[in-house]
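Working notes, beginning with the structure itself.
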2 protein chains.
Amino acid sequence: MSPETQPEKVGYAPIGVVASSFNEPGDPKAMRNAESTLILDEKYVVAMDGLDRYKFILVIYHIDRSPGYLERVHPMGDQSIPERGVLATRSPCRPNPIGITVAEILKIEGNRIKVTGLDALNETPILDIKPYEEHFDSPVGIEREREPGYRPRDA
Amino acid sequence: MSPETQPEKVGYAPIGVVASSFNEPGDPKAMRNAESTLILDEKYVVAMDGLDRYKFILVIYHIDRSPGYLERVHPMGDQSIPERGVLATRSPCRPNPIGITVAEILKIEGNRIKVTGLDALNETPILDIKPYEEHFDSPVGIEREREPGYRPRDA
């Protein structure tokens with residue numbers, strides 16, 4: 001068991017794309033306040049069944065316009081903050097340019113999910129979406145698992 | 001702009017592996033309460049610099065022992081809960097078997113990060129780690145971005 005026994009590359013086929021009015025990196029605040037649409041491949045409509053019971057989802061996407069890997073960066077691109085290792089930041093310049101954001105579902109129609117809160121550019125490939133579950137997605141879950149009687153409940 | 005113009009597959013080289021005493025799927029509660037170690041490739045030690053300022057990280061991993069894609073599943077494998085679309089669950093049987101969990105950092109030594117809260121099996125390939133930021137990783141961030149004066153602060 002060591003990093004040297006690592007498997008080859010892993011490959012994922014995008015399940016859809018982001019439609020947004022932002023075609024290049026800009027003000028993250030404006031991007032997240034805007035509405036975007038997740039357009040999934042038609043073949044995933046059945047796999048989307050039940051998403052309407054959630055208000056928030058994790059959107060996992062491929063940062064296809066990442067500038068490339070950098071070992072160290074200024075957090076949030078702010079030159080006034082000292083550089084640190086890229087894995088200790090949310091910079092896109094990571095070894096594997098995977099983006100993750102919590103987005104709010106506004107409307108679901110067929111293979112389209114209208115959201116707000118997303119910071120992905122137009123035509124960004126979507127790799128996965130997951131219902132946001134406080135139990136898995138926040139420090140709260142780690143504490144809850146320590147309670148002997150706790151069992152996660154279904155949403 | 002449509003799913004038909006999607007790029008080919010995207011490929012990622014794992015940045016490390018999980019060391020855990022769990023070699024096959026078991027009680028998720030026991031797994032998350034146990035300690036695991038993230039062993040990153042030595043070449044990422046510089047990229048890890050600064051992680052010590054965080055208490056929680058997102059661990060993004062390849063579910064290499066996923067049973068494969070299923071359109072619909074019982075949430076949490078519980079037959080008493082009606083099936084729904086896999087994308088509306090946290091099941092590993094998703095189109096792209098990407099796992100995401102928030103883990104608590106217990107100790108960092110060189111290329112090794114000891115954590116608790118992780119639900120990944122021994123030798124699971126790690127694709128990325130990110131500092132947990134409430135702003136990006138919880139519904140709170142979407143609300144905050146709506147406040148005109150809000151700017152995320154550095155950790």
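FYI, nothing fancy with the structure tokens labels: chains A, B, ... in order, residues from 1 per chain, ligands from 1 as they appear.
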I need the contact residues of chain B against chain A, so if you could list those with any atom within 6 Å, counting only C-alpha atoms, and return them as a short mmCIF file (atom, residue, chain, number, x, y, z; two decimals) with all heavy atoms, in the first residue's frame, that would help.
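Done, and the output landed in out-v1.cif:
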```
data_model
loop_
_atom_site.label_atom_id
_atom_site.label_comp_id
_atom_site.auth_asym_id
_atom_site.auth_seq_id
_atom_site.Cartn_x
_atom_site.Cartn_y
_atom_site.Cartn_z
N PRO B 3 -25.50 18.99 -24.58
CA PRO B 3 -24.69 17.84 -24.15
C PRO B 3 -24.02 17.13 -25.32
O PRO B 3 -23.04 16.43 -25.14
CB PRO B 3 -25.73 16.94 -23.45
CG PRO B 3 -26.81 17.88 -23.02
CD PRO B 3 -26.88 18.91 -24.11
N LYS B 9 -13.87 12.03 -22.78
CA LYS B 9 -13.64 11.75 -21.36
C LYS B 9 -12.61 12.69 -20.76
O LYS B 9 -11.70 13.13 -21.45
CB LYS B 9 -13.10 10.33 -21.23
CG LYS B 9 -14.17 9.29 -21.09
CD LYS B 9 -13.56 7.97 -20.61
CE LYS B 9 -14.63 7.07 -20.03
NZ LYS B 9 -14.10 5.87 -19.40
N VAL B 10 -12.75 12.96 -19.46
CA VAL B 10 -11.69 13.67 -18.76
C VAL B 10 -10.91 12.64 -17.94
O VAL B 10 -11.47 11.64 -17.49
CB VAL B 10 -12.23 14.80 -17.86
CG1 VAL B 10 -13.00 15.81 -18.69
CG2 VAL B 10 -13.11 14.26 -16.73
N GLY B 11 -9.61 12.87 -17.79
CA GLY B 11 -8.76 11.91 -17.09
C GLY B 11 -8.03 12.57 -15.94
O GLY B 11 -7.57 13.70 -16.06
N TYR B 12 -7.97 11.87 -14.82
CA TYR B 12 -7.26 12.39 -13.66
C TYR B 12 -6.27 11.34 -13.16
O TYR B 12 -6.60 10.16 -13.09
CB TYR B 12 -8.23 12.71 -12.53
CG TYR B 12 -9.27 13.75 -12.86
CD1 TYR B 12 -10.63 13.47 -12.75
CD2 TYR B 12 -8.90 15.03 -13.28
CE1 TYR B 12 -11.59 14.42 -13.05
CE2 TYR B 12 -9.85 16.00 -13.58
CZ TYR B 12 -11.20 15.69 -13.46
OH TYR B 12 -12.14 16.64 -13.76
N ALA B 13 -5.09 11.79 -12.78
CA ALA B 13 -4.12 10.90 -12.14
C ALA B 13 -4.27 11.05 -10.64
O ALA B 13 -4.17 12.16 -10.11
CB ALA B 13 -2.71 11.27 -12.57
N GLY B 16 -2.91 10.37 -4.54
CA GLY B 16 -2.53 9.57 -3.38
C GLY B 16 -3.54 8.46 -3.15
O GLY B 16 -4.41 8.23 -4.00
N LYS B 29 -20.98 3.81 9.69
CA LYS B 29 -20.75 4.50 10.96
C LYS B 29 -19.39 4.12 11.55
O LYS B 29 -18.62 4.99 11.98
CB LYS B 29 -21.87 4.10 11.92
CG LYS B 29 -21.96 4.91 13.18
CD LYS B 29 -23.11 4.36 14.03
CE LYS B 29 -23.24 5.11 15.32
NZ LYS B 29 -23.79 6.45 15.12
N ASP B 41 1.17 11.46 -2.83
CA ASP B 41 2.46 11.28 -3.48
C ASP B 41 3.44 12.32 -2.91
O ASP B 41 3.06 13.46 -2.66
CB ASP B 41 2.26 11.46 -4.99
CG ASP B 41 3.45 10.99 -5.78
OD1 ASP B 41 4.52 11.65 -5.71
OD2 ASP B 41 3.35 9.97 -6.48
N VAL B 46 4.88 20.10 -1.09
CA VAL B 46 4.86 21.57 -1.17
C VAL B 46 3.44 22.08 -1.40
O VAL B 46 3.00 23.06 -0.79
CB VAL B 46 5.82 22.08 -2.28
CG1 VAL B 46 5.66 23.60 -2.47
CG2 VAL B 46 7.26 21.74 -1.95
N ALA B 47 2.68 21.38 -2.22
CA ALA B 47 1.29 21.79 -2.50
C ALA B 47 0.39 21.65 -1.27
O ALA B 47 -0.69 22.21 -1.22
CB ALA B 47 0.74 20.96 -3.67
N MET B 48 0.86 20.88 -0.26
CA MET B 48 0.08 20.68 0.97
C MET B 48 0.34 21.78 2.00
O MET B 48 -0.37 21.87 3.01
CB MET B 48 0.43 19.32 1.60
CG MET B 48 -0.07 18.12 0.84
SD MET B 48 0.73 16.58 1.45
CE MET B 48 0.11 16.51 3.15
N ASP B 49 1.36 22.58 1.75
CA ASP B 49 1.76 23.60 2.73
C ASP B 49 0.61 24.56 3.05
O ASP B 49 0.04 25.18 2.15
CB ASP B 49 2.96 24.38 2.18
CG ASP B 49 3.35 25.54 3.08
OD1 ASP B 49 3.45 25.33 4.29
OD2 ASP B 49 3.52 26.66 2.55
N GLY B 50 0.26 24.66 4.31
CA GLY B 50 -0.81 25.57 4.72
C GLY B 50 -2.07 24.83 5.15
O GLY B 50 -2.98 25.41 5.72
N LEU B 51 -2.12 23.52 4.87
CA LEU B 51 -3.31 22.74 5.26
C LEU B 51 -3.50 22.73 6.77
O LEU B 51 -4.62 22.54 7.26
CB LEU B 51 -3.17 21.29 4.78
CG LEU B 51 -3.69 20.98 3.39
CD1 LEU B 51 -3.38 19.53 3.04
CD2 LEU B 51 -5.20 21.24 3.29
N GLU B 71 -29.47 3.08 -12.72
CA GLU B 71 -30.32 4.28 -12.87
C GLU B 71 -31.07 4.62 -11.60
O GLU B 71 -31.25 5.79 -11.27
CB GLU B 71 -31.36 4.02 -13.97
CG GLU B 71 -30.99 4.59 -15.29
CD GLU B 71 -32.13 4.45 -16.30
OE1 GLU B 71 -33.03 3.60 -16.13
OE2 GLU B 71 -32.08 5.20 -17.28
N ARG B 72 -31.58 3.60 -10.93
CA ARG B 72 -32.39 3.81 -9.73
C ARG B 72 -31.89 2.89 -8.62
O ARG B 72 -31.51 1.75 -8.88
CB ARG B 72 -33.87 3.51 -10.03
CG ARG B 72 -34.48 4.45 -11.05
CD ARG B 72 -35.86 3.97 -11.49
NE ARG B 72 -36.82 4.02 -10.39
CZ ARG B 72 -37.47 5.12 -10.01
NH1 ARG B 72 -37.30 6.25 -10.65
NH2 ARG B 72 -38.32 5.08 -9.01
N ARG B 84 -35.21 5.46 -5.97
CA ARG B 84 -35.26 6.74 -6.71
C ARG B 84 -34.05 6.82 -7.62
O ARG B 84 -33.19 5.94 -7.61
CB ARG B 84 -35.37 7.93 -5.74
CG ARG B 84 -34.12 8.26 -4.98
CD ARG B 84 -34.29 9.48 -4.08
NE ARG B 84 -35.14 9.18 -2.97
CZ ARG B 84 -34.88 9.53 -1.69
NH1 ARG B 84 -33.80 10.22 -1.40
NH2 ARG B 84 -35.69 9.22 -0.72
N GLY B 85 -33.99 7.87 -8.42
CA GLY B 85 -32.86 8.05 -9.32
C GLY B 85 -31.55 8.14 -8.54
O GLY B 85 -31.49 8.76 -7.48
N VAL B 86 -30.50 7.51 -9.08
CA VAL B 86 -29.23 7.44 -8.35
C VAL B 86 -28.64 8.82 -8.10
O VAL B 86 -27.95 9.03 -7.10
CB VAL B 86 -28.24 6.49 -9.07
CG1 VAL B 86 -27.74 7.11 -10.38
CG2 VAL B 86 -27.07 6.13 -8.17
N LEU B 87 -28.92 9.77 -8.99
CA LEU B 87 -28.36 11.12 -8.80
C LEU B 87 -29.06 11.88 -7.67
O LEU B 87 -28.58 12.92 -7.22
CB LEU B 87 -28.43 11.93 -10.11
CG LEU B 87 -27.55 11.42 -11.24
CD1 LEU B 87 -27.79 12.23 -12.52
CD2 LEU B 87 -26.06 11.49 -10.86
N ALA B 88 -30.18 11.34 -7.19
CA ALA B 88 -30.88 11.91 -6.05
C ALA B 88 -30.53 11.14 -4.77
O ALA B 88 -31.26 11.16 -3.79
CB ALA B 88 -32.39 11.91 -6.29
N ASN B 96 -20.51 8.53 -12.75
CA ASN B 96 -19.07 8.67 -12.49
C ASN B 96 -18.87 8.47 -10.99
O ASN B 96 -19.33 9.27 -10.19
CB ASN B 96 -18.57 10.06 -12.90
CG ASN B 96 -18.58 10.25 -14.41
OD1 ASN B 96 -18.14 9.37 -15.15
ND2 ASN B 96 -19.08 11.38 -14.87
N THR B 101 -16.38 13.40 0.83
CA THR B 101 -16.72 13.42 2.26
C THR B 101 -15.93 14.51 2.95
O THR B 101 -14.78 14.76 2.59
CB THR B 101 -16.35 12.09 2.95
OG1 THR B 101 -16.70 10.99 2.13
CG2 THR B 101 -17.08 11.95 4.29
N VAL B 102 -16.55 15.11 3.94
CA VAL B 102 -15.82 16.03 4.81
C VAL B 102 -15.13 15.20 5.88
O VAL B 102 -15.75 14.35 6.51
CB VAL B 102 -16.77 17.05 5.45
CG1 VAL B 102 -16.04 17.89 6.49
CG2 VAL B 102 -17.37 17.96 4.38
N GLY B 117 -13.69 10.53 10.06
CA GLY B 117 -14.89 10.98 9.36
C GLY B 117 -14.97 10.51 7.92
O GLY B 117 -15.98 10.70 7.25
N LYS B 130 -9.45 19.51 -0.58
CA LYS B 130 -9.70 20.95 -0.55
C LYS B 130 -10.03 21.33 0.89
O LYS B 130 -10.71 20.58 1.58
CB LYS B 130 -10.95 21.31 -1.37
CG LYS B 130 -10.91 20.99 -2.84
CD LYS B 130 -12.25 21.41 -3.49
CE LYS B 130 -12.41 20.83 -4.88
NZ LYS B 130 -11.53 21.43 -5.87
N PRO B 131 -9.58 22.53 1.31
CA PRO B 131 -10.02 22.99 2.62
C PRO B 131 -11.53 23.16 2.63
O PRO B 131 -12.11 23.64 1.64
CB PRO B 131 -9.32 24.34 2.80
CG PRO B 131 -8.81 24.73 1.46
CD PRO B 131 -8.70 23.49 0.63
N PHE B 136 -18.27 28.09 0.52
CA PHE B 136 -18.50 27.34 -0.73
C PHE B 136 -19.29 26.06 -0.51
O PHE B 136 -19.92 25.55 -1.42
CB PHE B 136 -17.16 26.90 -1.35
CG PHE B 136 -16.35 28.01 -1.91
CD1 PHE B 136 -15.17 28.40 -1.31
CD2 PHE B 136 -16.77 28.66 -3.05
CE1 PHE B 136 -14.42 29.42 -1.83
CE2 PHE B 136 -16.01 29.69 -3.58
CZ PHE B 136 -14.83 30.07 -2.96
N ASP B 137 -19.14 25.50 0.69
CA ASP B 137 -19.53 24.11 0.90
C ASP B 137 -20.81 23.92 1.68
O ASP B 137 -21.14 22.80 2.05
CB ASP B 137 -18.38 23.36 1.60
CG ASP B 137 -17.12 23.37 0.75
OD1 ASP B 137 -17.27 23.19 -0.48
OD2 ASP B 137 -16.02 23.56 1.28
N ILE B 142 -24.38 30.77 -0.40
CA ILE B 142 -25.30 31.33 -1.39
C ILE B 142 -26.00 32.56 -0.81
O ILE B 142 -26.14 33.58 -1.48
CB ILE B 142 -26.32 30.25 -1.83
CG1 ILE B 142 -25.57 29.09 -2.50
CG2 ILE B 142 -27.36 30.84 -2.77
CD1 ILE B 142 -26.42 27.86 -2.75
N GLU B 145 -23.45 35.60 -0.48
CA GLU B 145 -23.12 36.29 -1.74
C GLU B 145 -24.19 37.31 -2.10
O GLU B 145 -23.95 38.19 -2.92
CB GLU B 145 -22.98 35.28 -2.89
CG GLU B 145 -21.78 34.36 -2.79
CD GLU B 145 -20.45 35.03 -3.11
OE1 GLU B 145 -20.35 36.27 -3.06
OE2 GLU B 145 -19.50 34.28 -3.39
#
```
Pro25 of chain B proximity check over B:Lys114, B:Leu121, B:Pro92, B:Ile63, using only C-alpha atoms: winner is B:Leu121
Check your understanding: Do you have the atom CA of Leu106 of chain A-atom CA of Gly26 of chain A distance handy?
Key ->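 Between these atoms lies a distance of 22.9 Å.
Here atom CA of Glu24 of chain B and atom CA of Val115 of chain B stand 18.7 Å from one another.
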_If I take atom CA of Ser20 of chain A and atom CA of Ser36 of chain A, how far is one from the other in Å, to one decimal?_
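Straight-line distance from atom CA of Ser20 of chain A to atom CA of Ser36 of chain A works out to 4.8 Å.
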Please extract the residues of segment 45-77 of chain A with a backbone DSSP assignment of strand (DSSP E or B) and present them as a PyMOL selection string. chain A and resi 56-62+72-73
- request: Can you list, as a VMD selection string, all residues belonging to chain B that DSSP tags as alpha helix (DSSP H)?
  value: chain B and resid 28 to 33 134 to 137 140 to 145
Residues just named, written with N, CA, C and O atoms as a PDB file, in the first residue's frame:
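Heads up, here's the output in result-v1.pdb:
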```
ATOM      1  N   PRO B  28     -21.061   1.945   7.672  1.00  0.00           N
ATOM      2  CA  PRO B  28     -20.530   3.284   7.383  1.00  0.00           C
ATOM      3  C   PRO B  28     -20.197   4.067   8.654  1.00  0.00           C
ATOM      4  O   PRO B  28     -19.245   4.837   8.685  1.00  0.00           O
ATOM      5  N   LYS B  29     -20.979   3.807   9.693  1.00  0.00           N
ATOM      6  CA  LYS B  29     -20.749   4.499  10.957  1.00  0.00           C
ATOM      7  C   LYS B  29     -19.386   4.122  11.554  1.00  0.00           C
ATOM      8  O   LYS B  29     -18.621   4.988  11.978  1.00  0.00           O
ATOM      9  N   ALA B  30     -19.084   2.828  11.542  1.00  0.00           N
ATOM     10  CA  ALA B  30     -17.795   2.376  12.068  1.00  0.00           C
ATOM     11  C   ALA B  30     -16.648   2.928  11.228  1.00  0.00           C
ATOM     12  O   ALA B  30     -15.611   3.356  11.750  1.00  0.00           O
ATOM     13  N   MET B  31     -16.843   2.945   9.897  1.00  0.00           N
ATOM     14  CA  MET B  31     -15.804   3.481   9.017  1.00  0.00           C
ATOM     15  C   MET B  31     -15.530   4.943   9.322  1.00  0.00           C
ATOM     16  O   MET B  31     -14.389   5.378   9.401  1.00  0.00           O
ATOM     17  N   ARG B  32     -16.596   5.711   9.470  1.00  0.00           N
ATOM     18  CA  ARG B  32     -16.395   7.150   9.660  1.00  0.00           C
ATOM     19  C   ARG B  32     -15.837   7.471  11.041  1.00  0.00           C
ATOM     20  O   ARG B  32     -15.134   8.467  11.207  1.00  0.00           O
ATOM     21  N   ASN B  33     -16.132   6.635  12.021  1.00  0.00           N
ATOM     22  CA  ASN B  33     -15.584   6.868  13.360  1.00  0.00           C
ATOM     23  C   ASN B  33     -14.115   6.454  13.474  1.00  0.00           C
ATOM     24  O   ASN B  33     -13.418   6.872  14.385  1.00  0.00           O
ATOM     25  N   GLU B 134     -17.014  26.960   4.683  1.00  0.00           N
ATOM     26  CA  GLU B 134     -18.465  27.058   4.826  1.00  0.00           C
ATOM     27  C   GLU B 134     -19.072  27.883   3.679  1.00  0.00           C
ATOM     28  O   GLU B 134     -20.166  27.599   3.192  1.00  0.00           O
ATOM     29  N   HIS B 135     -18.327  28.880   3.261  1.00  0.00           N
ATOM     30  CA  HIS B 135     -18.797  29.780   2.210  1.00  0.00           C
ATOM     31  C   HIS B 135     -19.121  29.053   0.892  1.00  0.00           C
ATOM     32  O   HIS B 135     -20.093  29.370   0.206  1.00  0.00           O
ATOM     33  N   PHE B 136     -18.273  28.086   0.518  1.00  0.00           N
ATOM     34  CA  PHE B 136     -18.498  27.344  -0.728  1.00  0.00           C
ATOM     35  C   PHE B 136     -19.286  26.059  -0.514  1.00  0.00           C
ATOM     36  O   PHE B 136     -19.923  25.554  -1.424  1.00  0.00           O
ATOM     37  N   ASP B 137     -19.139  25.502   0.694  1.00  0.00           N
ATOM     38  CA  ASP B 137     -19.526  24.113   0.903  1.00  0.00           C
ATOM     39  C   ASP B 137     -20.811  23.924   1.682  1.00  0.00           C
ATOM     40  O   ASP B 137     -21.144  22.799   2.047  1.00  0.00           O
ATOM     41  N   VAL B 140     -24.995  28.269   3.281  1.00  0.00           N
ATOM     42  CA  VAL B 140     -24.704  29.600   3.834  1.00  0.00           C
ATOM     43  C   VAL B 140     -24.058  30.530   2.790  1.00  0.00           C
ATOM     44  O   VAL B 140     -24.371  31.718   2.714  1.00  0.00           O
ATOM     45  N   GLY B 141     -23.148  29.986   1.994  1.00  0.00           N
ATOM     46  CA  GLY B 141     -22.420  30.816   1.036  1.00  0.00           C
ATOM     47  C   GLY B 141     -23.332  31.488   0.017  1.00  0.00           C
ATOM     48  O   GLY B 141     -23.099  32.629  -0.382  1.00  0.00           O
ATOM     49  N   ILE B 142     -24.377  30.771  -0.399  1.00  0.00           N
ATOM     50  CA  ILE B 142     -25.302  31.327  -1.392  1.00  0.00           C
ATOM     51  C   ILE B 142     -26.001  32.559  -0.814  1.00  0.00           C
ATOM     52  O   ILE B 142     -26.143  33.581  -1.481  1.00  0.00           O
ATOM     53  N   GLU B 143     -26.392  32.459   0.454  1.00  0.00           N
ATOM     54  CA  GLU B 143     -27.020  33.610   1.119  1.00  0.00           C
ATOM     55  C   GLU B 143     -26.041  34.767   1.255  1.00  0.00           C
ATOM     56  O   GLU B 143     -26.374  35.917   0.995  1.00  0.00           O
ATOM     57  N   ARG B 144     -24.808  34.439   1.662  1.00  0.00           N
ATOM     58  CA  ARG B 144     -23.831  35.508   1.914  1.00  0.00           C
ATOM     59  C   ARG B 144     -23.523  36.293   0.651  1.00  0.00           C
ATOM     60  O   ARG B 144     -23.343  37.497   0.685  1.00  0.00           O
ATOM     61  N   GLU B 145     -23.453  35.595  -0.483  1.00  0.00           N
ATOM     62  CA  GLU B 145     -23.125  36.285  -1.738  1.00  0.00           C
ATOM     63  C   GLU B 145     -24.194  37.311  -2.105  1.00  0.00           C
ATOM     64  O   GLU B 145     -23.954  38.193  -2.917  1.00  0.00           O
TER      65      GLU B 145
END
```
